[in-house]
$ cat query-v8.json   # JSON, C-alpha atoms
[["chain", "number", "residue", "atom", "x", "y", "z"],
["A", 1, "MET", "CA", 8.15, 11.71, 15.51],
["A", 2, "SER", "CA", 10.87, 13.76, 13.78],
["A", 3, "GLU", "CA", 12.42, 10.64, 12.22],
["A", 4, "ILE", "CA", 9.16, 10.15, 10.32],
["A", 5, "PHE", "CA", 10.00, 13.30, 8.36],
["A", 6, "SER", "CA", 13.36, 11.98, 7.18],
["A", 7, "GLU", "CA", 14.10, 11.08, 3.55],
["A", 8, "THR", "CA", 16.74, 8.62, 4.75],
["A", 9, "ASN", "CA", 14.23, 6.81, 6.97],
["A", 10, "MET", "CA", 11.62, 6.89, 4.19],
["A", 11, "GLU", "CA", 14.04, 5.42, 1.63],
["A", 12, "ARG", "CA", 15.03, 2.65, 4.07],
["A", 13, "ILE", "CA", 11.44, 1.64, 4.86],
["A", 14, "LEU", "CA", 10.15, 1.86, 1.27],
["A", 15, "GLY", "CA", 13.27, 0.02, 0.09],
["A", 16, "GLU", "CA", 12.15, -3.08, 2.00],
["A", 17, "TYR", "CA", 9.16, -3.44, -0.36],
["A", 18, "ILE", "CA", 10.52, -2.30, -3.74],
["A", 19, "PRO", "CA", 10.61, -5.14, -6.30],
["A", 20, "ALA", "CA", 14.02, -6.42, -7.35],
["A", 21, "GLY", "CA", 15.52, -4.44, -10.23],
["A", 22, "GLU", "CA", 13.53, -1.27, -9.51],
["A", 23, "MET", "CA", 14.53, 1.95, -7.79],
["A", 24, "LEU", "CA", 12.54, 4.53, -5.88],
["A", 25, "SER", "CA", 11.67, 7.41, -8.24],
["A", 26, "ALA", "CA", 9.87, 9.52, -5.64],
["A", 27, "GLY", "CA", 8.69, 9.08, -2.07],
["A", 28, "ILE", "CA", 6.84, 11.22, 0.45],
["A", 29, "HIS", "CA", 5.19, 11.16, 3.86],
["A", 30, "ALA", "CA", 1.39, 11.00, 3.78],
["A", 31, "ILE", "CA", -1.52, 10.09, 6.05],
["A", 32, "ALA", "CA", -3.61, 6.97, 5.41],
["A", 33, "LYS", "CA", -7.21, 7.59, 6.48],
["A", 34, "GLU", "CA", -8.59, 4.16, 5.53],
["A", 35, "THR", "CA", -6.98, 1.00, 4.19],
["A", 36, "ASP", "CA", -8.75, -2.09, 2.84],
["A", 37, "ILE", "CA", -6.39, -4.67, 1.33],
["A", 38, "LYS", "CA", -7.68, -7.81, -0.35],
["A", 39, "GLY", "CA", -5.78, -10.89, -1.47],
["A", 40, "VAL", "CA", -6.41, -14.50, -2.49],
["A", 41, "PHE", "CA", -3.51, -16.86, -1.88],
["A", 42, "GLY", "CA", -3.18, -20.50, -2.86],
["A", 43, "LYS", "CA", -1.05, -23.50, -1.92],
["A", 44, "CYS", "CA", -0.40, -22.16, 1.57],
["A", 45, "VAL", "CA", -1.25, -22.51, 5.21],
["A", 46, "ARG", "CA", -1.88, -19.61, 7.57],
["A", 47, "THR", "CA", -0.11, -19.11, 10.88],
["A", 48, "GLU", "CA", -0.66, -16.31, 13.34],
["A", 49, "SER", "CA", 1.68, -13.97, 11.48],
["A", 50, "GLN", "CA", 2.48, -15.54, 8.09],
["A", 51, "LEU", "CA", 1.33, -17.43, 5.05],
["A", 52, "ILE", "CA", 3.59, -20.45, 4.55],
["A", 53, "PRO", "CA", 3.90, -22.28, 1.20],
["A", 54, "ASP", "CA", 2.49, -25.82, 1.24],
["A", 55, "GLU", "CA", 1.78, -27.91, -1.88],
["A", 56, "ASN", "CA", -1.13, -29.51, -0.02],
["A", 57, "GLY", "CA", -2.31, -26.20, 1.43],
["A", 58, "GLY", "CA", -5.57, -24.57, 0.57],
["A", 59, "ILE", "CA", -6.76, -21.18, -0.55],
["A", 60, "VAL", "CA", -6.71, -18.30, 1.92],
["A", 61, "VAL", "CA", -8.76, -15.17, 1.26],
["A", 62, "LEU", "CA", -7.40, -12.20, 3.22],
["A", 63, "ASN", "CA", -9.04, -8.87, 3.98],
["A", 64, "LYS", "CA", -6.65, -6.56, 5.86],
["A", 65, "LYS", "CA", -8.25, -3.35, 7.13],
["A", 66, "LYS", "CA", -7.41, -0.26, 9.11],
["A", 67, "TYR", "CA", -9.75, 2.61, 9.86],
["A", 68, "GLY", "CA", -8.26, 5.73, 11.36],
["A", 69, "ALA", "CA", -5.38, 8.00, 10.43],
["A", 70, "TYR", "CA", -1.79, 6.78, 10.51],
["A", 71, "ASP", "CA", 1.51, 7.91, 9.00],
["A", 72, "ILE", "CA", 2.71, 6.22, 5.81],
["A", 73, "TYR", "CA", 5.38, 6.59, 3.20],
["A", 74, "LEU", "CA", 4.04, 6.66, -0.35],
["A", 75, "GLY", "CA", 6.48, 5.92, -3.15],
["A", 76, "ILE", "CA", 6.65, 5.12, -6.83],
["A", 77, "THR", "CA", 9.21, 3.20, -8.84],
["A", 78, "GLN", "CA", 9.37, 2.67, -12.59],
["A", 79, "SER", "CA", 6.34, 0.37, -12.45],
["A", 80, "SER", "CA", 5.17, 0.08, -8.81],
["A", 81, "LEU", "CA", 3.23, 1.91, -6.13],
["A", 82, "VAL", "CA", 4.70, 1.30, -2.67],
["A", 83, "ILE", "CA", 2.78, 2.08, 0.53],
["A", 84, "ALA", "CA", 4.42, 1.38, 3.88],
["A", 85, "GLY", "CA", 3.61, 2.41, 7.44],
["A", 86, "CYS", "CA", 6.15, 4.74, 9.02],
["A", 87, "GLU", "CA", 5.81, 2.69, 12.19],
["A", 88, "ARG", "CA", 4.45, -0.78, 12.95],
["A", 89, "GLU", "CA", 0.67, -0.62, 12.76],
["A", 90, "SER", "CA", -2.11, -2.97, 13.81],
["A", 91, "TYR", "CA", -4.69, -4.07, 11.28],
["A", 92, "LEU", "CA", -7.90, -6.04, 11.39],
["A", 93, "TYR", "CA", -7.29, -9.33, 9.59],
["A", 94, "GLN", "CA", -10.25, -11.31, 8.34],
["A", 95, "PHE", "CA", -9.78, -14.69, 6.68],
["A", 96, "GLU", "CA", -11.83, -17.11, 4.68],
["A", 97, "ASP", "CA", -10.15, -20.49, 4.29],
["A", 98, "GLU", "CA", -10.90, -22.67, 1.26],
["A", 99, "PRO", "CA", -13.67, -20.52, -0.22],
["A", 100, "ASN", "CA", -16.23, -22.00, -2.55],
["A", 101, "GLY", "CA", -16.09, -21.07, -6.20],
["A", 102, "ASN", "CA", -13.38, -20.68, -8.79],
["A", 103, "ARG", "CA", -10.98, -17.76, -8.32],
["A", 104, "ALA", "CA", -8.95, -16.41, -11.23],
["A", 105, "ASP", "CA", -6.95, -14.01, -9.04],
["A", 106, "ILE", "CA", -5.20, -16.60, -6.83],
["A", 107, "GLN", "CA", -1.54, -15.90, -6.05],
["A", 108, "ASP", "CA", 0.42, -19.03, -5.20],
["A", 109, "ILE", "CA", 2.73, -18.57, -2.22],
["A", 110, "THR", "CA", 6.29, -19.71, -3.01],
["A", 111, "ALA", "CA", 8.06, -18.27, 0.06],
["A", 112, "PRO", "CA", 6.82, -17.37, 3.55],
["A", 113, "VAL", "CA", 5.05, -14.00, 3.61],
["A", 114, "PHE", "CA", 4.39, -11.96, 6.73],
["A", 115, "LEU", "CA", 0.79, -10.73, 6.90],
["A", 116, "ALA", "CA", 2.13, -7.26, 7.76],
["A", 117, "ASP", "CA", 3.94, -7.15, 4.38],
["A", 118, "ILE", "CA", 0.87, -7.93, 2.28],
["A", 119, "GLY", "CA", -0.54, -4.88, 0.48],
["A", 120, "THR", "CA", 2.62, -2.79, 0.47],
["A", 121, "CYS", "CA", 3.52, -2.96, -3.23],
["A", 122, "TYR", "CA", 1.31, -2.94, -6.33],
["A", 123, "PRO", "CA", 2.06, -2.66, -10.04],
["A", 124, "LEU", "CA", 1.00, 0.80, -11.24],
["A", 125, "ALA", "CA", -0.89, -1.06, -13.98],
["A", 126, "ASP", "CA", -3.14, -2.55, -11.26],
["A", 127, "ILE", "CA", -4.55, 0.86, -10.30],
["A", 128, "ARG", "CA", -8.13, 0.92, -11.50],
["A", 129, "LYS", "CA", -8.88, 4.46, -10.41],
["A", 130, "CYS", "CA", -7.26, 7.33, -8.53],
["A", 131, "GLU", "CA", -9.47, 10.24, -7.55],
["A", 132, "MET", "CA", -7.73, 13.37, -6.25],
["A", 133, "LYS", "CA", -9.52, 16.26, -4.58],
["A", 134, "LYS", "CA", -8.22, 19.38, -2.89],
["A", 135, "GLY", "CA", -8.20, 19.18, 0.89],
["A", 136, "MET", "CA", -7.60, 21.62, 3.70],
["A", 137, "MET", "CA", -4.48, 23.79, 3.88],
["A", 138, "GLY", "CA", -3.19, 22.76, 0.45],
["A", 139, "SER", "CA", -3.45, 19.03, 1.02],
["A", 140, "VAL", "CA", -4.77, 16.57, -1.56],
["A", 141, "ASN", "CA", -7.14, 13.72, -0.71],
["A", 142, "CYS", "CA", -6.46, 10.63, -2.79],
["A", 143, "PHE", "CA", -8.77, 7.64, -3.18],
["A", 144, "ILE", "CA", -6.84, 4.82, -4.88],
["A", 145, "THR", "CA", -8.73, 1.72, -6.00],
["A", 146, "MET", "CA", -6.87, -1.35, -7.21],
["A", 147, "LYS", "CA", -8.13, -3.91, -9.75],
["A", 148, "ASN", "CA", -8.41, -6.57, -7.02],
["A", 149, "GLY", "CA", -10.79, -4.39, -4.97],
["A", 150, "SER", "CA", -8.21, -3.10, -2.46],
["A", 151, "TYR", "CA", -8.43, 0.61, -1.76],
["A", 152, "PHE", "CA", -6.60, 3.36, 0.10],
["A", 153, "LYS", "CA", -7.88, 6.74, 1.28],
["A", 154, "ILE", "CA", -4.80, 8.91, 1.63],
["A", 155, "MET", "CA", -4.23, 12.55, 2.50],
["A", 156, "ILE", "CA", -1.12, 14.04, 0.94],
["A", 157, "PRO", "CA", -0.01, 17.11, 2.92],
["A", 158, "LYS", "CA", 1.29, 20.19, 1.13],
["A", 159, "ARG", "CA", 4.52, 20.15, 3.15],
["A", 160, "GLY", "CA", 6.77, 17.34, 4.37],
["A", 161, "GLY", "CA", 7.01, 18.33, 8.02],
["A", 162, "LEU", "CA", 9.18, 20.75, 9.92],
["A", 163, "GLY", "CA", 12.94, 20.59, 10.26],
["A", 164, "GLY", "CA", 13.96, 20.15, 6.61],
["A", 165, "GLY", "CA", 14.28, 16.36, 6.80],
["A", 166, "MET", "CA", 12.51, 15.96, 3.45],
["A", 167, "PRO", "CA", 14.16, 18.54, 1.17],
["A", 168, "HIS", "CA", 12.73, 16.99, -2.03],
["A", 169, "TYR", "CA", 9.17, 16.72, -0.72],
["A", 170, "ALA", "CA", 7.50, 19.24, -3.06],
["A", 171, "GLU", "CA", 9.20, 17.80, -6.14],
["A", 172, "TYR", "CA", 8.42, 14.18, -5.16],
["A", 173, "ARG", "CA", 4.84, 15.06, -4.21],
["A", 174, "GLU", "CA", 4.18, 16.50, -7.67],
["A", 175, "ALA", "CA", 5.81, 13.50, -9.38],
["A", 176, "ILE", "CA", 3.68, 11.04, -7.38],
["A", 177, "MET", "CA", 0.43, 12.92, -7.98],
["A", 178, "GLU", "CA", 1.18, 13.23, -11.70],
["A", 179, "ARG", "CA", 1.95, 9.51, -11.97],
["A", 180, "LEU", "CA", -1.14, 8.48, -9.99],
["A", 181, "GLY", "CA", -3.31, 10.78, -12.09],
["A", 182, "ALA", "CA", -1.98, 9.12, -15.24],
["A", 183, "CYS", "CA", -2.93, 5.67, -13.90],
["A", 184, "ASN", "CA", -6.67, 6.18, -14.24],
["A", 185, "VAL", "CA", -8.10, 3.45, -16.43],
["A", 186, "GLN", "CA", -11.58, 3.62, -17.83],
["A", 187, "GLU", "CA", -13.43, 0.35, -17.35],
["A", 188, "VAL", "CA", -15.04, -1.09, -20.44]]
$ encode --input "query-v8.json" --output "structure tokens"
Amino acid sequence: MSEIFSETNMERILGEYIPAGEMLSAGIHAIAKETDIKGVFGKCVRTESQLIPDENGGIVVLNKKKYGAYDIYLGITQSSLVIAGCERESYLYQFEDEPNGNRADIQDITAPVFLADIGTCYPLADIRKCEMKKGMMGSVNCFITMKNGSYFKIMIPKRGGLGGGMPHYAEYREAIMERLGACNVQEV
């Protein structure tokens, strides 16, 4: 458990999901209370653990969910929000193959993608709304809603754990909350 509260470990795990050309500006440990990730992917086939590109493949609609608290790292880069589990987690995956109707939000798959990696990185511009409310013992409860309908209920603790493994926690926590607060977009 103590390696969860390590900036080195956090930087390594978040680094796996940071887009090329960007750097981690701030990262912290937090608790995800509920996760609901949505995605529509085209020109692919689904295996047990991946989406594989296939020119003749269909459209796969994914809904990846987890209810219940689990440890995450929450980070921001110049233009991205990165959310990664501190440890391997299990999710409920629901699929709809070749849905009816026209979808404008289809992402074509050009390289194999592990299902576990979907929903770990979003452009900050894709945040539709971020509500922050004070929680218990100085924590902040965050409800982040993305433009594609994905959402995250996250509790951001006041402190980064015992042992001093996250010496920049308070500074990074403030930077993340300030950046998320600035992402609120009013729908027209």
$ closest_residue --input "query-v8.json" --among "A:Gly39, A:Tyr93, A:Asn63, A:Leu14" --to "A:Lys147" --atoms "all atoms listed in the file"
A:Gly39
$ axis_aligned_box --input "query-v8.json" --around "stretch 130-137 of chain A" --padding-each-side "5 Å" --output "JSON"
{"center_x": -7.0, "center_y": 15.6, "center_z": -2.3, "size_x": 15.0, "size_y": 26.5, "size_z": 22.4}
$ residues_around --input "query-v8.json" --residues "A:Ile109" --least-positions-apart "4" --cutoff "7 Å" --atoms "all atoms listed in the file" --output "JSON, numbers by chain"
{"A": [41, 42, 43, 44, 53]}
$ closest_residue --input "query-v8.json" --among "A:Tyr169, A:Val40, A:Glu3, A:Glu174" --to "A:Cys86" --atoms "all atoms listed in the file"
A:Glu3
$ residues_around --input "query-v8.json" --residues "A:Thr77" --least-positions-apart "5" --cutoff "12 Å" --atoms "all atoms listed in the file" --output "PyMOL selection string"
chain A and resi 11+14-15+17-27+82-83+121-124+172+175-176+179-180
$ closest_residue --input "query-v8.json" --among "A:Lys153, A:Arg159, A:Arg12, A:Lys38" --to "A:Met132" --atoms "all atoms listed in the file"
A:Lys153
$ build_atoms --input "query-v8.json" --residues "stretch 166-178 of chain A" --atoms "N, CA, C and O atoms" --output "PDB file, in the coordinates of the input"
ATOM      1  N   MET A 166      12.973  16.439   4.759  1.00  0.00           N
ATOM      2  CA  MET A 166      12.510  15.960   3.450  1.00  0.00           C
ATOM      3  C   MET A 166      12.673  17.090   2.431  1.00  0.00           C
ATOM      4  O   MET A 166      11.687  17.662   1.958  1.00  0.00           O
ATOM      5  N   PRO A 167      13.917  17.387   2.049  1.00  0.00           N
ATOM      6  CA  PRO A 167      14.160  18.540   1.170  1.00  0.00           C
ATOM      7  C   PRO A 167      13.570  18.405  -0.229  1.00  0.00           C
ATOM      8  O   PRO A 167      13.354  19.412  -0.896  1.00  0.00           O
ATOM      9  N   HIS A 168      13.291  17.194  -0.690  1.00  0.00           N
ATOM     10  CA  HIS A 168      12.730  16.990  -2.030  1.00  0.00           C
ATOM     11  C   HIS A 168      11.226  16.763  -2.013  1.00  0.00           C
ATOM     12  O   HIS A 168      10.658  16.335  -3.010  1.00  0.00           O
ATOM     13  N   TYR A 169      10.585  17.053  -0.892  1.00  0.00           N
ATOM     14  CA  TYR A 169       9.170  16.720  -0.720  1.00  0.00           C
ATOM     15  C   TYR A 169       8.287  17.307  -1.820  1.00  0.00           C
ATOM     16  O   TYR A 169       7.500  16.594  -2.431  1.00  0.00           O
ATOM     17  N   ALA A 170       8.387  18.595  -2.076  1.00  0.00           N
ATOM     18  CA  ALA A 170       7.500  19.240  -3.060  1.00  0.00           C
ATOM     19  C   ALA A 170       7.679  18.629  -4.444  1.00  0.00           C
ATOM     20  O   ALA A 170       6.694  18.337  -5.136  1.00  0.00           O
ATOM     21  N   GLU A 171       8.905  18.395  -4.837  1.00  0.00           N
ATOM     22  CA  GLU A 171       9.200  17.800  -6.140  1.00  0.00           C
ATOM     23  C   GLU A 171       8.665  16.356  -6.227  1.00  0.00           C
ATOM     24  O   GLU A 171       8.041  15.969  -7.208  1.00  0.00           O
ATOM     25  N   TYR A 172       8.893  15.569  -5.174  1.00  0.00           N
ATOM     26  CA  TYR A 172       8.420  14.180  -5.160  1.00  0.00           C
ATOM     27  C   TYR A 172       6.897  14.104  -5.085  1.00  0.00           C
ATOM     28  O   TYR A 172       6.272  13.248  -5.697  1.00  0.00           O
ATOM     29  N   ARG A 173       6.306  15.024  -4.340  1.00  0.00           N
ATOM     30  CA  ARG A 173       4.840  15.060  -4.210  1.00  0.00           C
ATOM     31  C   ARG A 173       4.205  15.270  -5.585  1.00  0.00           C
ATOM     32  O   ARG A 173       3.271  14.568  -5.967  1.00  0.00           O
ATOM     33  N   GLU A 174       4.721  16.228  -6.333  1.00  0.00           N
ATOM     34  CA  GLU A 174       4.180  16.500  -7.670  1.00  0.00           C
ATOM     35  C   GLU A 174       4.373  15.301  -8.596  1.00  0.00           C
ATOM     36  O   GLU A 174       3.472  14.949  -9.362  1.00  0.00           O
ATOM     37  N   ALA A 175       5.537  14.657  -8.525  1.00  0.00           N
ATOM     38  CA  ALA A 175       5.810  13.500  -9.380  1.00  0.00           C
ATOM     39  C   ALA A 175       4.853  12.345  -9.066  1.00  0.00           C
ATOM     40  O   ALA A 175       4.332  11.693  -9.976  1.00  0.00           O
ATOM     41  N   ILE A 176       4.594  12.119  -7.781  1.00  0.00           N
ATOM     42  CA  ILE A 176       3.680  11.040  -7.380  1.00  0.00           C
ATOM     43  C   ILE A 176       2.257  11.345  -7.824  1.00  0.00           C
ATOM     44  O   ILE A 176       1.571  10.495  -8.392  1.00  0.00           O
ATOM     45  N   MET A 177       1.799  12.572  -7.591  1.00  0.00           N
ATOM     46  CA  MET A 177       0.430  12.920  -7.980  1.00  0.00           C
ATOM     47  C   MET A 177       0.257  12.868  -9.489  1.00  0.00           C
ATOM     48  O   MET A 177      -0.775  12.417  -9.979  1.00  0.00           O
ATOM     49  N   GLU A 178       1.254  13.297 -10.237  1.00  0.00           N
ATOM     50  CA  GLU A 178       1.180  13.230 -11.700  1.00  0.00           C
ATOM     51  C   GLU A 178       1.101  11.781 -12.162  1.00  0.00           C
ATOM     52  O   GLU A 178       0.300  11.427 -13.015  1.00  0.00           O
TER      53      GLU A 178
END
